[in-house]
file structure.csv (CSV, C-alpha atoms and all ligand atoms)
chain,number,residue,atom,x,y,z
A,1,MET,CA,-41.9,-9.0,-41.3
A,2,LEU,CA,-38.7,-10.7,-42.0
A,3,ASP,CA,-37.3,-7.5,-43.4
A,4,LYS,CA,-38.0,-5.9,-40.1
A,5,LEU,CA,-35.9,-8.6,-38.3
A,6,GLU,CA,-33.1,-8.1,-40.8
A,7,ARG,CA,-33.2,-4.4,-40.4
A,8,ILE,CA,-33.0,-4.6,-36.6
A,9,LYS,CA,-30.1,-7.0,-36.8
A,10,GLY,CA,-28.4,-4.6,-39.3
A,11,ASN,CA,-29.0,-1.6,-37.1
A,12,LEU,CA,-27.5,-3.4,-34.1
A,13,GLN,CA,-24.4,-4.3,-35.9
A,14,GLU,CA,-24.0,-0.7,-37.0
A,15,GLU,CA,-24.5,0.6,-33.5
A,16,THR,CA,-22.2,-1.9,-32.0
A,17,LYS,CA,-19.2,-0.4,-33.8
A,18,ALA,CA,-19.7,2.9,-32.1
A,19,ILE,CA,-19.8,1.4,-28.5
A,20,ASN,CA,-16.7,1.8,-26.5
A,21,THR,CA,-17.9,2.0,-22.9
A,22,LEU,CA,-19.8,-0.2,-20.5
A,23,LYS,CA,-22.5,2.4,-20.2
A,24,GLY,CA,-23.0,2.4,-24.0
A,25,ALA,CA,-23.3,-1.4,-24.0
A,26,GLU,CA,-25.9,-1.2,-21.2
A,27,GLN,CA,-27.9,1.4,-23.1
A,28,LEU,CA,-27.8,-0.9,-26.1
A,29,ARG,CA,-29.2,-3.7,-24.0
A,30,THR,CA,-32.1,-1.6,-22.9
A,31,LYS,CA,-32.8,-0.4,-26.4
A,32,TYR,CA,-32.9,-4.0,-27.9
A,33,LEU,CA,-33.7,-6.3,-25.0
A,34,GLY,CA,-35.5,-4.0,-22.5
A,35,ARG,CA,-39.2,-4.0,-21.7
A,36,LYS,CA,-39.8,-1.3,-24.3
A,37,GLY,CA,-37.0,-2.6,-26.6
A,38,SER,CA,-37.1,-3.7,-30.2
A,39,ILE,CA,-37.4,-7.5,-29.5
A,40,ASN,CA,-40.4,-6.9,-27.3
A,41,ASP,CA,-42.0,-4.6,-29.9
A,42,LEU,CA,-41.7,-7.5,-32.4
A,43,MET,CA,-43.2,-9.9,-29.9
A,44,LYS,CA,-46.2,-7.6,-29.6
A,45,LEU,CA,-46.9,-8.1,-33.2
A,46,ILE,CA,-47.4,-11.9,-32.9
A,47,PRO,CA,-51.1,-11.8,-32.1
A,48,THR,CA,-51.8,-9.6,-35.2
A,49,LEU,CA,-50.5,-12.4,-37.5
A,50,PRO,CA,-52.5,-15.2,-39.0
A,51,VAL,CA,-52.5,-18.2,-36.7
A,52,GLU,CA,-50.5,-20.4,-39.0
A,53,LYS,CA,-47.6,-18.0,-39.3
A,54,ARG,CA,-47.3,-17.2,-35.6
A,55,ALA,CA,-45.1,-20.1,-34.6
A,56,ALA,CA,-42.5,-19.7,-37.3
A,57,TYR,CA,-42.3,-15.9,-36.7
A,58,GLY,CA,-42.0,-16.5,-33.0
A,59,GLN,CA,-39.1,-18.8,-33.6
A,60,GLN,CA,-37.3,-16.3,-35.7
A,61,ILE,CA,-37.7,-13.6,-33.1
A,62,ASN,CA,-36.3,-15.9,-30.5
A,63,SER,CA,-33.2,-16.8,-32.5
A,64,LEU,CA,-32.7,-13.1,-33.2
A,65,LYS,CA,-33.0,-12.4,-29.5
A,66,ILE,CA,-30.4,-15.0,-28.8
A,67,GLU,CA,-28.1,-13.5,-31.4
A,68,ILE,CA,-28.6,-10.0,-30.1
A,69,THR,CA,-28.1,-11.1,-26.5
A,70,ASP,CA,-24.8,-12.8,-27.4
A,71,ILE,CA,-23.5,-9.7,-29.1
A,72,ILE,CA,-24.6,-7.3,-26.3
A,73,GLU,CA,-23.4,-9.6,-23.4
A,74,GLY,CA,-20.1,-9.9,-25.2
A,75,LEU,CA,-19.8,-6.1,-25.3
A,76,ILE,CA,-20.7,-5.7,-21.6
A,77,LYS,CA,-18.2,-8.3,-20.7
A,78,LYS,CA,-15.5,-6.6,-22.7
A,79,PHE,CA,-16.0,-3.2,-21.1
A,80,SER,CA,-16.7,-4.5,-17.5
A,81,SER,CA,-13.2,-5.9,-17.3
A,82,LYS,CA,-11.8,-2.4,-18.1
A,83,THR,CA,-13.9,-0.7,-15.4
A,84,ILE,CA,-13.0,-0.5,-11.7
A,85,PRO,CA,-15.9,-2.1,-9.9
A,86,LYS,CA,-18.1,0.5,-8.2
A,87,ASN,CA,-18.5,-1.6,-5.1
A,88,LYS,CA,-15.2,-2.4,-3.4
A,89,THR,CA,-16.5,-5.5,-1.9
A,90,GLU,CA,-16.5,-7.1,-5.4
A,91,ILE,CA,-12.6,-7.1,-5.2
A,92,PHE,CA,-12.4,-7.9,-1.5
A,93,ASP,CA,-9.6,-10.5,-1.1
A,94,ILE,CA,-10.0,-12.3,2.2
A,95,THR,CA,-6.5,-13.7,2.0
A,96,LEU,CA,-5.0,-10.3,2.4
A,97,PRO,CA,-3.6,-9.4,5.8
A,98,GLY,CA,-6.0,-7.0,7.7
A,99,LYS,CA,-5.3,-3.3,8.1
A,100,ARG,CA,-4.5,-2.4,11.6
A,101,PRO,CA,-6.2,0.7,12.9
A,102,SER,CA,-3.6,3.1,13.9
A,103,ILE,CA,-3.9,3.9,17.6
A,104,GLY,CA,-2.2,7.0,18.7
A,105,LYS,CA,0.4,7.1,21.5
A,106,SER,CA,2.0,9.6,23.8
A,107,HIS,CA,4.5,12.2,22.6
A,108,PRO,CA,8.1,11.1,23.6
A,109,LEU,CA,8.3,14.0,26.1
A,110,THR,CA,5.0,12.8,27.7
A,111,GLN,CA,6.5,9.3,27.8
A,112,THR,CA,9.6,10.6,29.6
A,113,ILE,CA,7.5,12.5,32.1
A,114,ASP,CA,5.3,9.4,32.7
A,115,ASP,CA,8.5,7.3,33.3
A,116,ILE,CA,9.9,9.9,35.7
A,117,LYS,CA,6.5,10.0,37.6
A,118,GLU,CA,6.6,6.2,37.8
A,119,VAL,CA,10.1,6.0,39.3
A,120,PHE,CA,9.4,8.7,41.9
A,121,ALA,CA,5.9,7.4,42.7
A,122,ARG,CA,7.6,4.2,43.9
A,123,LEU,CA,9.7,6.4,46.2
A,124,GLY,CA,6.6,8.0,47.7
A,125,PHE,CA,6.6,11.2,45.7
A,126,ASP,CA,3.2,12.9,44.7
A,127,VAL,CA,2.8,14.8,41.5
A,128,ALA,CA,2.1,18.5,41.8
A,129,TYR,CA,1.4,21.2,39.2
A,130,GLY,CA,1.6,25.0,39.2
A,131,PRO,CA,0.7,27.7,36.8
A,132,GLU,CA,2.8,28.6,33.7
A,133,VAL,CA,1.8,32.2,34.0
A,134,GLU,CA,3.4,33.4,37.2
A,135,SER,CA,4.4,36.5,39.2
A,136,GLU,CA,7.9,37.7,39.8
A,137,TYR,CA,7.5,36.7,43.4
A,138,TYR,CA,7.2,33.0,42.7
A,139,ASN,CA,9.8,32.9,39.9
A,140,PHE,CA,12.4,34.9,41.7
A,141,GLU,CA,12.0,36.6,45.1
A,142,ALA,CA,10.5,33.6,47.0
A,143,LEU,CA,13.3,31.5,45.5
A,144,ASN,CA,15.9,33.7,47.1
A,145,ILE,CA,16.6,35.7,43.9
A,146,PRO,CA,16.3,39.4,44.9
A,147,PRO,CA,15.5,42.0,42.1
A,148,ASP,CA,19.1,43.1,41.6
A,149,HIS,CA,20.8,39.7,42.0
A,150,PRO,CA,22.9,38.8,39.0
A,151,SER,CA,21.5,35.2,38.9
A,152,ARG,CA,18.2,36.7,37.6
A,153,THR,CA,19.8,36.7,34.2
A,154,ASP,CA,20.2,32.9,34.3
A,155,PHE,CA,16.5,32.6,34.8
A,156,ASP,CA,15.3,35.4,32.6
A,157,THR,CA,12.0,35.0,30.9
A,158,PHE,CA,9.1,36.6,28.9
A,159,TYR,CA,7.2,39.3,30.7
A,160,ILE,CA,3.5,39.6,30.1
A,161,LYS,CA,2.5,42.7,32.0
A,162,GLY,CA,4.1,44.4,35.0
A,163,ASP,CA,5.4,41.6,37.3
A,164,ILE,CA,3.4,38.9,35.5
A,165,LEU,CA,5.6,36.6,33.5
A,166,LEU,CA,5.9,33.1,32.0
A,167,ARG,CA,7.8,30.9,34.6
A,168,SER,CA,11.4,30.1,33.6
A,169,GLN,CA,11.7,27.2,36.0
A,170,THR,CA,9.4,24.7,37.7
A,171,SER,CA,11.0,25.7,41.0
A,172,THR,CA,8.0,28.0,41.4
A,173,VAL,CA,5.9,25.0,42.3
A,174,GLN,CA,8.1,24.4,45.4
A,175,ILE,CA,6.8,27.7,46.8
A,176,ARG,CA,3.2,27.1,45.8
A,177,ILE,CA,3.2,23.7,47.5
A,178,MET,CA,5.0,24.8,50.7
A,179,GLU,CA,2.6,27.7,51.1
A,180,LYS,CA,-0.3,25.3,51.1
A,181,GLN,CA,1.1,22.3,53.0
A,182,GLU,CA,3.2,21.7,56.1
A,183,PRO,CA,6.0,19.1,56.0
A,184,PRO,CA,6.6,16.3,55.3
A,185,ILE,CA,6.6,17.2,51.6
A,186,ARG,CA,7.5,14.8,48.9
A,187,ILE,CA,6.6,16.0,45.4
A,188,ILE,CA,7.7,16.1,41.8
A,189,ALA,CA,6.3,18.9,39.5
A,190,PRO,CA,6.5,18.4,35.8
A,191,GLY,CA,5.6,21.2,33.4
A,192,ARG,CA,6.5,23.8,30.7
A,193,VAL,CA,9.0,26.6,31.3
A,194,TYR,CA,10.0,29.5,29.0
A,195,ARG,CA,13.2,31.4,28.3
A,196,PRO,CA,14.1,34.0,25.8
A,197,ASP,CA,16.7,31.7,24.1
A,198,THR,CA,17.4,31.7,20.4
A,199,VAL,CA,16.1,28.4,19.0
A,200,ASP,CA,18.9,26.0,17.8
A,201,ALA,CA,19.7,22.3,18.1
A,202,ARG,CA,20.0,22.5,21.9
A,203,HIS,CA,17.8,25.5,22.9
A,204,SER,CA,14.1,26.3,22.7
A,205,PHE,CA,12.1,29.3,24.0
A,206,MET,CA,9.8,26.7,25.6
A,207,PHE,CA,10.8,23.4,27.1
A,208,HIS,CA,9.9,21.0,30.0
A,209,GLN,CA,11.3,20.4,33.4
A,210,VAL,CA,10.6,18.1,36.3
A,211,GLU,CA,11.1,19.6,39.7
A,212,GLY,CA,11.6,17.6,42.9
A,213,LEU,CA,11.2,18.6,46.5
A,214,LEU,CA,11.4,16.7,49.7
A,215,VAL,CA,11.1,18.4,53.1
A,216,ASP,CA,11.1,16.8,56.5
A,217,GLU,CA,12.9,16.6,59.8
A,218,GLY,CA,16.5,15.3,59.5
A,219,VAL,CA,16.8,15.2,55.7
A,220,SER,CA,20.4,15.1,54.6
A,221,PHE,CA,22.5,15.4,51.4
A,222,ALA,CA,22.9,11.7,51.6
A,223,ASP,CA,19.1,11.3,51.1
A,224,LEU,CA,19.3,13.5,48.0
A,225,LYS,CA,22.1,11.3,46.6
A,226,GLY,CA,20.2,8.2,47.4
A,227,VAL,CA,17.0,9.3,45.7
A,228,LEU,CA,18.8,10.6,42.6
A,229,ASN,CA,21.0,7.5,42.3
A,230,GLN,CA,17.8,5.4,42.4
A,231,PHE,CA,16.2,7.5,39.7
A,232,ILE,CA,19.2,7.5,37.4
A,233,LYS,CA,19.8,3.8,37.6
A,234,THR,CA,16.1,3.0,37.0
A,235,TYR,CA,15.7,5.5,34.1
A,236,PHE,CA,19.1,5.2,32.3
A,237,GLY,CA,20.2,1.7,33.4
A,238,GLN,CA,22.0,0.0,36.3
A,239,ASP,CA,25.4,0.4,34.8
A,240,ILE,CA,25.2,4.2,34.6
A,241,LYS,CA,27.3,6.1,37.1
A,242,MET,CA,26.5,9.4,38.8
A,243,ARG,CA,28.7,12.3,40.0
A,244,PHE,CA,28.0,15.5,41.8
A,245,ARG,CA,29.9,18.8,41.0
A,246,PRO,CA,29.7,21.8,43.3
A,247,SER,CA,27.6,24.5,41.8
A,248,PHE,CA,25.4,27.5,42.6
A,249,PHE,CA,21.7,27.9,42.6
A,250,PRO,CA,20.1,30.7,44.6
A,251,PHE,CA,17.4,28.5,46.2
A,252,THR,CA,19.8,25.7,47.4
A,253,GLU,CA,22.8,25.7,49.7
A,254,PRO,CA,24.9,23.7,49.1
A,255,SER,CA,24.1,23.2,45.4
A,256,ALA,CA,25.4,20.7,42.9
A,257,GLU,CA,25.2,19.8,39.3
A,258,VAL,CA,24.7,16.2,38.7
A,259,ASP,CA,26.3,14.3,35.8
A,260,ILE,CA,25.8,10.8,34.6
A,261,SER,CA,28.3,8.7,32.7
A,262,CYS,CA,27.4,9.1,29.0
A,263,SER,CA,24.7,6.6,28.2
A,264,LEU,CA,25.2,6.9,24.5
A,265,CYS,CA,28.9,6.0,24.2
A,266,ARG,CA,29.1,4.2,27.5
A,267,SER,CA,31.8,6.8,28.5
A,268,LYS,CA,34.0,5.9,25.6
A,269,GLY,CA,33.7,9.5,24.3
A,270,CYS,CA,31.3,11.0,21.7
A,271,ASN,CA,30.2,14.4,20.6
A,272,VAL,CA,27.2,14.4,23.0
A,273,CYS,CA,29.5,14.2,26.0
A,274,SER,CA,32.2,16.3,24.3
A,275,TYR,CA,34.5,13.3,24.7
A,276,SER,CA,34.5,13.7,28.5
A,277,GLY,CA,32.4,10.6,29.2
A,278,TRP,CA,30.1,12.6,31.4
A,279,VAL,CA,26.9,14.6,30.7
A,280,GLU,CA,25.1,17.0,33.0
A,281,ILE,CA,21.5,16.1,33.6
A,282,LEU,CA,20.2,18.1,36.5
A,283,GLY,CA,20.7,20.7,39.2
A,284,ALA,CA,20.1,20.0,42.9
A,285,GLY,CA,20.9,20.9,46.4
A,286,MET,CA,19.6,21.4,50.0
A,287,VAL,CA,16.8,23.9,50.2
A,288,ASP,CA,18.2,27.3,51.2
A,289,PRO,CA,16.9,28.6,54.6
A,290,ASN,CA,15.8,31.8,52.9
A,291,VAL,CA,13.3,29.8,50.8
A,292,PHE,CA,11.9,28.2,54.0
A,293,LYS,CA,11.6,31.7,55.4
A,294,ALA,CA,9.5,32.8,52.4
A,295,VAL,CA,7.0,30.1,53.2
A,296,HIS,CA,7.2,30.4,57.0
A,297,TYR,CA,8.7,27.0,57.6
A,298,ASP,CA,11.0,26.7,60.6
A,299,ALA,CA,14.4,26.3,59.1
A,300,GLU,CA,15.8,25.1,62.5
A,301,LYS,CA,13.3,22.2,62.5
A,302,TYR,CA,13.2,21.2,58.9
A,303,THR,CA,15.6,20.5,56.1
A,304,GLY,CA,15.0,19.4,52.6
A,305,PHE,CA,16.4,18.8,49.2
A,306,ALA,CA,15.3,20.0,45.7
A,307,PHE,CA,16.3,19.2,42.2
A,308,GLY,CA,15.3,20.2,38.7
A,309,MET,CA,15.9,18.4,35.4
A,310,GLY,CA,15.2,19.2,31.7
A,311,VAL,CA,12.8,16.7,30.2
A,312,GLU,CA,14.0,17.3,26.6
A,313,ARG,CA,17.6,16.9,27.7
A,314,ILE,CA,17.2,13.5,29.3
A,315,THR,CA,15.0,12.2,26.5
A,316,MET,CA,17.7,13.3,24.0
A,317,LEU,CA,20.3,11.5,26.1
A,318,LYS,CA,18.3,8.4,26.5
A,319,HIS,CA,17.5,8.0,22.8
A,320,GLY,CA,20.4,9.7,21.2
A,321,ILE,CA,18.4,12.5,19.7
A,322,GLY,CA,20.6,15.3,18.3
A,323,ASP,CA,18.2,18.2,17.8
A,324,ILE,CA,15.6,19.5,20.3
A,325,ARG,CA,13.5,21.0,17.6
A,326,LEU,CA,12.4,17.5,16.5
A,327,PHE,CA,10.1,17.4,19.6
A,328,TYR,CA,8.0,20.3,18.5
A,329,GLU,CA,7.6,19.8,14.7
A,330,ASN,CA,4.9,17.1,14.8
A,331,ASP,CA,6.7,15.1,12.2
A,332,MET,CA,5.3,11.5,12.3
A,333,ARG,CA,8.5,10.1,10.9
A,334,PHE,CA,10.2,11.2,14.1
A,335,LEU,CA,7.3,10.7,16.6
A,336,SER,CA,6.3,7.3,15.5
A,337,GLN,CA,9.7,5.9,16.5
A,338,PHE,CA,8.9,6.2,20.2
B,401,LIG,N1,15.5,25.6,38.4
B,401,LIG,C1,16.8,25.2,38.0
B,401,LIG,C2,17.0,25.5,36.5
B,401,LIG,O1,16.0,25.8,35.9
B,401,LIG,C3,17.1,23.7,38.2
B,401,LIG,C4,17.2,23.4,39.6
B,401,LIG,C5,18.4,23.4,40.2
B,401,LIG,C6,16.1,23.1,40.4
B,401,LIG,C7,18.6,23.1,41.6
B,401,LIG,C8,16.2,22.8,41.7
B,401,LIG,C9,17.5,22.9,42.3
B,401,LIG,O2,15.2,22.6,42.5
B,401,LIG,O3,17.6,22.6,43.6
B,401,LIG,O4,18.0,25.5,36.0
call {"tool": "encode", "arguments": {"input": "structure.csv", "output": "structure tokens", "more": "lines below"}}
Ligand code: DAH
result
Amino acid sequence: MLDKLERIKGNLQEETKAINTLKGAEQLRTKYLGRKGSINDLMKLIPTLPVEKRAAYGQQINSLKIEITDIIEGLIKKFSSKTIPKNKTEIFDITLPGKRPSIGKSHPLTQTIDDIKEVFARLGFDVAYGPEVESEYYNFEALNIPPDHPSRTDFDTFYIKGDILLRSQTSTVQIRIMEKQEPPIRIIAPGRVYRPDTVDARHSFMFHQVEGLLVDEGVSFADLKGVLNQFIKTYFGQDIKMRFRPSFFPFTEPSAEVDISCSLCRSKGCNVCSYSGWVEILGAGMVDPNVFKAVHYDAEKYTGFAFGMGVERITMLKHGIGDIRLFYENDMRFLSQF
């Protein structure tokens, strides 16, 4: 009997040397201390012994059990500390700061469009939308750009089939709205436009514009100036100045290009304003009577103004962004800054 105890102890000591993982240590525990393990086997022999020997034998088994337990627990402890806990809650440190869920936000261009909508909403402008796939009529003819007019080149675009094209300006929405509604009209129309431009730091084959149109009786150029001044001051800052330069657009007469004092260098001169202190931000003018004719408005009764601005351009000016391509690359290092 005692031999048997010695042998078990010897075996364990041998086996222990080969154990180098937690799993191995646990298997050893099952083998020696488990329900069908060696210690239990020894216990089962007790009733077969003469009564007077049982107590002593029992005590020996018990002390062997304690010894074995010590050895195996020691092994388990040793290897547990080297193992990553399976359950992460075991290492949960409640003193650590919590992880904030990352909530998405609008793209910087969407933010600009929302800001523009907000300013014009306060001035009583509704928001209107039109299709990006258009016909030549809405992109050109109705806007007083006849087929052979040289200014077609300025608004050239991608043709889909026949006279179906991708709009190259949001001015198309002016026509669509005026066809449906009688004056007074007061809308802005944000959306995508397309041009066959080679992509570089300042150009893209697709970009965004916001169109504006106001038509009523007695609308004057002073109203146009007042509305744009209000927009520019609210969007870029009260200290920003505005200036009008005579220009040409087929759908407005007279037409102007509108500059603001450079918001990046505060007119001190930088490469964005080409050291002139001014940057162009939009085109505008009084709606040409020929446009009214296309939508059957009485040009003797009504006057109106229109304007169109590039969303990328004003976003770049406001935040000092040097490359238009950044808007389209989905790079979170850029997007998360807005
Ligand atoms: N559609 C013009 C462009 O894409 C911008 C523009 C200029 C719109 C004058 C207007 C306007 O409504 O009156 O360059």
call {"tool": "closest_residue", "arguments": {"input": "structure.csv", "among": "A:Arg195, A:Lys31, A:Arg100, A:Lys78", "to": "ligand LIG 401 (chain B)", "atoms": "all atoms listed in the file"}}
result
A:Arg195
call {"tool": "closest_residue", "arguments": {"input": "structure.csv", "among": "A:Ser261, A:Glu26, A:Lys53, A:Ile116", "to": "Gly277 (chain A)", "atoms": "only C-alpha atoms"}}
result
A:Ser261
call {"tool": "residues_near_ligand", "arguments": {"input": "structure.csv", "ligand": "ligand LIG 401 (chain B)", "cutoff": "9 Å", "atoms": "all atoms listed in the file", "output": "PyMOL selection string"}}
result
chain A and resi 154-155+168-172+174+193+209-213+248-253+255-257+282-288+305-310
call {"tool": "closest_residue", "arguments": {"input": "structure.csv", "among": "A:His296, A:Lys44, A:Ile324, A:Ser63", "to": "Val199 (chain A)", "atoms": "all atoms listed in the file"}}
result
A:Ile324
call {"tool": "atom_distance", "arguments": {"input": "structure.csv", "atom1": "CA of Arg245 (chain A)", "atom2": "CA of Ala128 (chain A)"}}
result
27.8 Å
call {"tool": "atom_distance", "arguments": {"input": "structure.csv", "atom1": "CA of Glu280 (chain A)", "atom2": "CA of His208 (chain A)"}}
result
16.0 Å
call {"tool": "residues_around", "arguments": {"input": "structure.csv", "residues": "His203 (chain A)", "least_positions_apart": "2", "cutoff": "12 Å", "atoms": "only C-alpha atoms", "output": "JSON, numbers by chain"}}
result
{"A": [194, 195, 196, 197, 198, 199, 200, 201, 205, 206, 207, 208, 310, 312, 313, 322, 323, 324, 325, 326, 327, 328]}
call {"tool": "closest_residue", "arguments": {"input": "structure.csv", "among": "A:Thr48, A:Asn20, A:Gln337, A:Asn139", "to": "Leu165 (chain A)", "atoms": "only C-alpha atoms"}}
result
A:Asn139
call {"tool": "residues_around", "arguments": {"input": "structure.csv", "residues": "Asp223 (chain A)", "least_positions_apart": "6", "cutoff": "10 Å", "atoms": "all atoms listed in the file", "output": "compact mmCIF listing (two decimals) with C-alpha atoms, in the frame of the given file"}}
result
# COMPACT_ATOMS: atom_id res chain seq x y z
CA LEU A 214 11.40 16.70 49.70
CA ASN A 229 21.00 7.50 42.30
CA GLY A 304 15.00 19.40 52.60
CA PHE A 305 16.40 18.80 49.20
call {"tool": "atom_distance", "arguments": {"input": "structure.csv", "atom1": "CA of Ile260 (chain A)", "atom2": "CA of Thr303 (chain A)"}}
result
25.7 Å
call {"tool": "residues_around", "arguments": {"input": "structure.csv", "residues": "Asn290 (chain A)", "least_positions_apart": "3", "cutoff": "7 Å", "atoms": "all atoms listed in the file", "output": "JSON, numbers by chain"}}
result
{"A": [144, 293, 294]}
call {"tool": "write_last_selection", "arguments": {"input": "structure.csv", "atoms": "C-alpha atoms", "output": "PDB file, keeping the file's coordinate frame"}}
result
ATOM      1  CA  ASN A 144      15.900  33.700  47.100  1.00  0.00           C
ATOM      2  CA  LYS A 293      11.600  31.700  55.400  1.00  0.00           C
ATOM      3  CA  ALA A 294       9.500  32.800  52.400  1.00  0.00           C
TER       4      ALA A 294
END
call {"tool": "residues_near_point", "arguments": {"input": "structure.csv", "point": "(8.5, 12.4, 36.6)", "cutoff": "9 Å", "atoms": "all atoms listed in the file", "output": "list in words"}}
result
Thr112, Ile113, Asp114, Asp115, Ile116, Lys117, Glu118, Val119, Phe120, Ala121, Val127, Ile188, Ala189, Pro190, Val210, Glu211, Gly212 and Val311 of chain A
call {"tool": "residues_around", "arguments": {"input": "structure.csv", "residues": "Asp239 (chain A)", "least_positions_apart": "3", "cutoff": "10 Å", "atoms": "only C-alpha atoms", "output": "VMD selection string"}}
result
chain A and resid 232 to 234 236 242 261 263 266
call {"tool": "closest_residue", "arguments": {"input": "structure.csv", "among": "A:Ile72, A:Cys270, A:Asp298, A:Gly191", "to": "Val215 (chain A)", "atoms": "only C-alpha atoms"}}
result
A:Asp298
call {"tool": "residues_around", "arguments": {"input": "structure.csv", "residues": "Tyr57 (chain A)", "least_positions_apart": "5", "cutoff": "9 Å", "atoms": "all atoms listed in the file", "output": "VMD selection string"}}
result
chain A and resid 1 to 2 46 49 62
call {"tool": "write_last_selection", "arguments": {"input": "structure.csv", "atoms": "C-alpha atoms", "output": "mmCIF file, in the frame of the given file"}}
result
data_model
loop_
_atom_site.group_PDB
_atom_site.id
_atom_site.type_symbol
_atom_site.label_atom_id
_atom_site.label_comp_id
_atom_site.auth_asym_id
_atom_site.auth_seq_id
_atom_site.Cartn_x
_atom_site.Cartn_y
_atom_site.Cartn_z
ATOM 1 C CA MET A 1 -41.900 -9.000 -41.300
ATOM 2 C CA LEU A 2 -38.700 -10.700 -42.000
ATOM 3 C CA ILE A 46 -47.400 -11.900 -32.900
ATOM 4 C CA LEU A 49 -50.500 -12.400 -37.500
ATOM 5 C CA ASN A 62 -36.300 -15.900 -30.500
#
call {"tool": "decode", "arguments": {"input": "structure.csv", "residues": "region 316-329 of chain A", "atoms": "N, CA, C and O atoms", "output": "PDB file, in the first residue's frame"}}
result
ATOM      1  N   MET A 316     -13.028  75.931 -48.920  1.00  0.00           N
ATOM      2  CA  MET A 316     -11.561  76.017 -48.933  1.00  0.00           C
ATOM      3  C   MET A 316     -11.100  77.373 -48.404  1.00  0.00           C
ATOM      4  O   MET A 316     -10.141  77.469 -47.640  1.00  0.00           O
ATOM      5  N   LEU A 317     -11.827  78.415 -48.790  1.00  0.00           N
ATOM      6  CA  LEU A 317     -11.471  79.758 -48.331  1.00  0.00           C
ATOM      7  C   LEU A 317     -11.706  79.925 -46.840  1.00  0.00           C
ATOM      8  O   LEU A 317     -10.907  80.516 -46.122  1.00  0.00           O
ATOM      9  N   LYS A 318     -12.812  79.381 -46.391  1.00  0.00           N
ATOM     10  CA  LYS A 318     -13.139  79.556 -44.977  1.00  0.00           C
ATOM     11  C   LYS A 318     -12.133  78.835 -44.077  1.00  0.00           C
ATOM     12  O   LYS A 318     -11.743  79.338 -43.030  1.00  0.00           O
ATOM     13  N   HIS A 319     -11.720  77.614 -44.495  1.00  0.00           N
ATOM     14  CA  HIS A 319     -10.861  76.819 -43.618  1.00  0.00           C
ATOM     15  C   HIS A 319      -9.401  76.782 -44.038  1.00  0.00           C
ATOM     16  O   HIS A 319      -8.592  76.083 -43.411  1.00  0.00           O
ATOM     17  N   GLY A 320      -9.074  77.469 -45.131  1.00  0.00           N
ATOM     18  CA  GLY A 320      -7.682  77.457 -45.589  1.00  0.00           C
ATOM     19  C   GLY A 320      -7.251  76.097 -46.111  1.00  0.00           C
ATOM     20  O   GLY A 320      -6.163  75.620 -45.808  1.00  0.00           O
ATOM     21  N   ILE A 321      -8.117  75.459 -46.894  1.00  0.00           N
ATOM     22  CA  ILE A 321      -7.792  74.141 -47.475  1.00  0.00           C
ATOM     23  C   ILE A 321      -7.170  74.368 -48.852  1.00  0.00           C
ATOM     24  O   ILE A 321      -7.720  75.092 -49.677  1.00  0.00           O
ATOM     25  N   GLY A 322      -6.024  73.745 -49.086  1.00  0.00           N
ATOM     26  CA  GLY A 322      -5.263  74.051 -50.296  1.00  0.00           C
ATOM     27  C   GLY A 322      -5.509  73.129 -51.479  1.00  0.00           C
ATOM     28  O   GLY A 322      -5.024  73.389 -52.576  1.00  0.00           O
ATOM     29  N   ASP A 323      -6.267  72.043 -51.275  1.00  0.00           N
ATOM     30  CA  ASP A 323      -6.418  71.077 -52.373  1.00  0.00           C
ATOM     31  C   ASP A 323      -7.843  70.526 -52.393  1.00  0.00           C
ATOM     32  O   ASP A 323      -8.298  69.907 -51.428  1.00  0.00           O
ATOM     33  N   ILE A 324      -8.528  70.735 -53.507  1.00  0.00           N
ATOM     34  CA  ILE A 324      -9.944  70.341 -53.621  1.00  0.00           C
ATOM     35  C   ILE A 324     -10.110  68.821 -53.514  1.00  0.00           C
ATOM     36  O   ILE A 324     -11.143  68.316 -53.063  1.00  0.00           O
ATOM     37  N   ARG A 325      -9.053  68.071 -53.912  1.00  0.00           N
ATOM     38  CA  ARG A 325      -9.161  66.603 -53.934  1.00  0.00           C
ATOM     39  C   ARG A 325      -9.380  66.013 -52.541  1.00  0.00           C
ATOM     40  O   ARG A 325      -9.928  64.931 -52.398  1.00  0.00           O
ATOM     41  N   LEU A 326      -8.959  66.745 -51.523  1.00  0.00           N
ATOM     42  CA  LEU A 326      -9.130  66.258 -50.149  1.00  0.00           C
ATOM     43  C   LEU A 326     -10.594  65.971 -49.816  1.00  0.00           C
ATOM     44  O   LEU A 326     -10.902  65.107 -48.998  1.00  0.00           O
ATOM     45  N   PHE A 327     -11.508  66.714 -50.465  1.00  0.00           N
ATOM     46  CA  PHE A 327     -12.933  66.526 -50.167  1.00  0.00           C
ATOM     47  C   PHE A 327     -13.461  65.167 -50.605  1.00  0.00           C
ATOM     48  O   PHE A 327     -14.482  64.705 -50.128  1.00  0.00           O
ATOM     49  N   TYR A 328     -12.784  64.564 -51.574  1.00  0.00           N
ATOM     50  CA  TYR A 328     -13.363  63.370 -52.198  1.00  0.00           C
ATOM     51  C   TYR A 328     -12.632  62.084 -51.839  1.00  0.00           C
ATOM     52  O   TYR A 328     -12.960  61.025 -52.350  1.00  0.00           O
ATOM     53  N   GLU A 329     -11.598  62.176 -51.011  1.00  0.00           N
ATOM     54  CA  GLU A 329     -10.753  60.997 -50.784  1.00  0.00           C
ATOM     55  C   GLU A 329     -11.160  60.163 -49.580  1.00  0.00           C
ATOM     56  O   GLU A 329     -10.586  59.111 -49.329  1.00  0.00           O
TER      57      GLU A 329
END
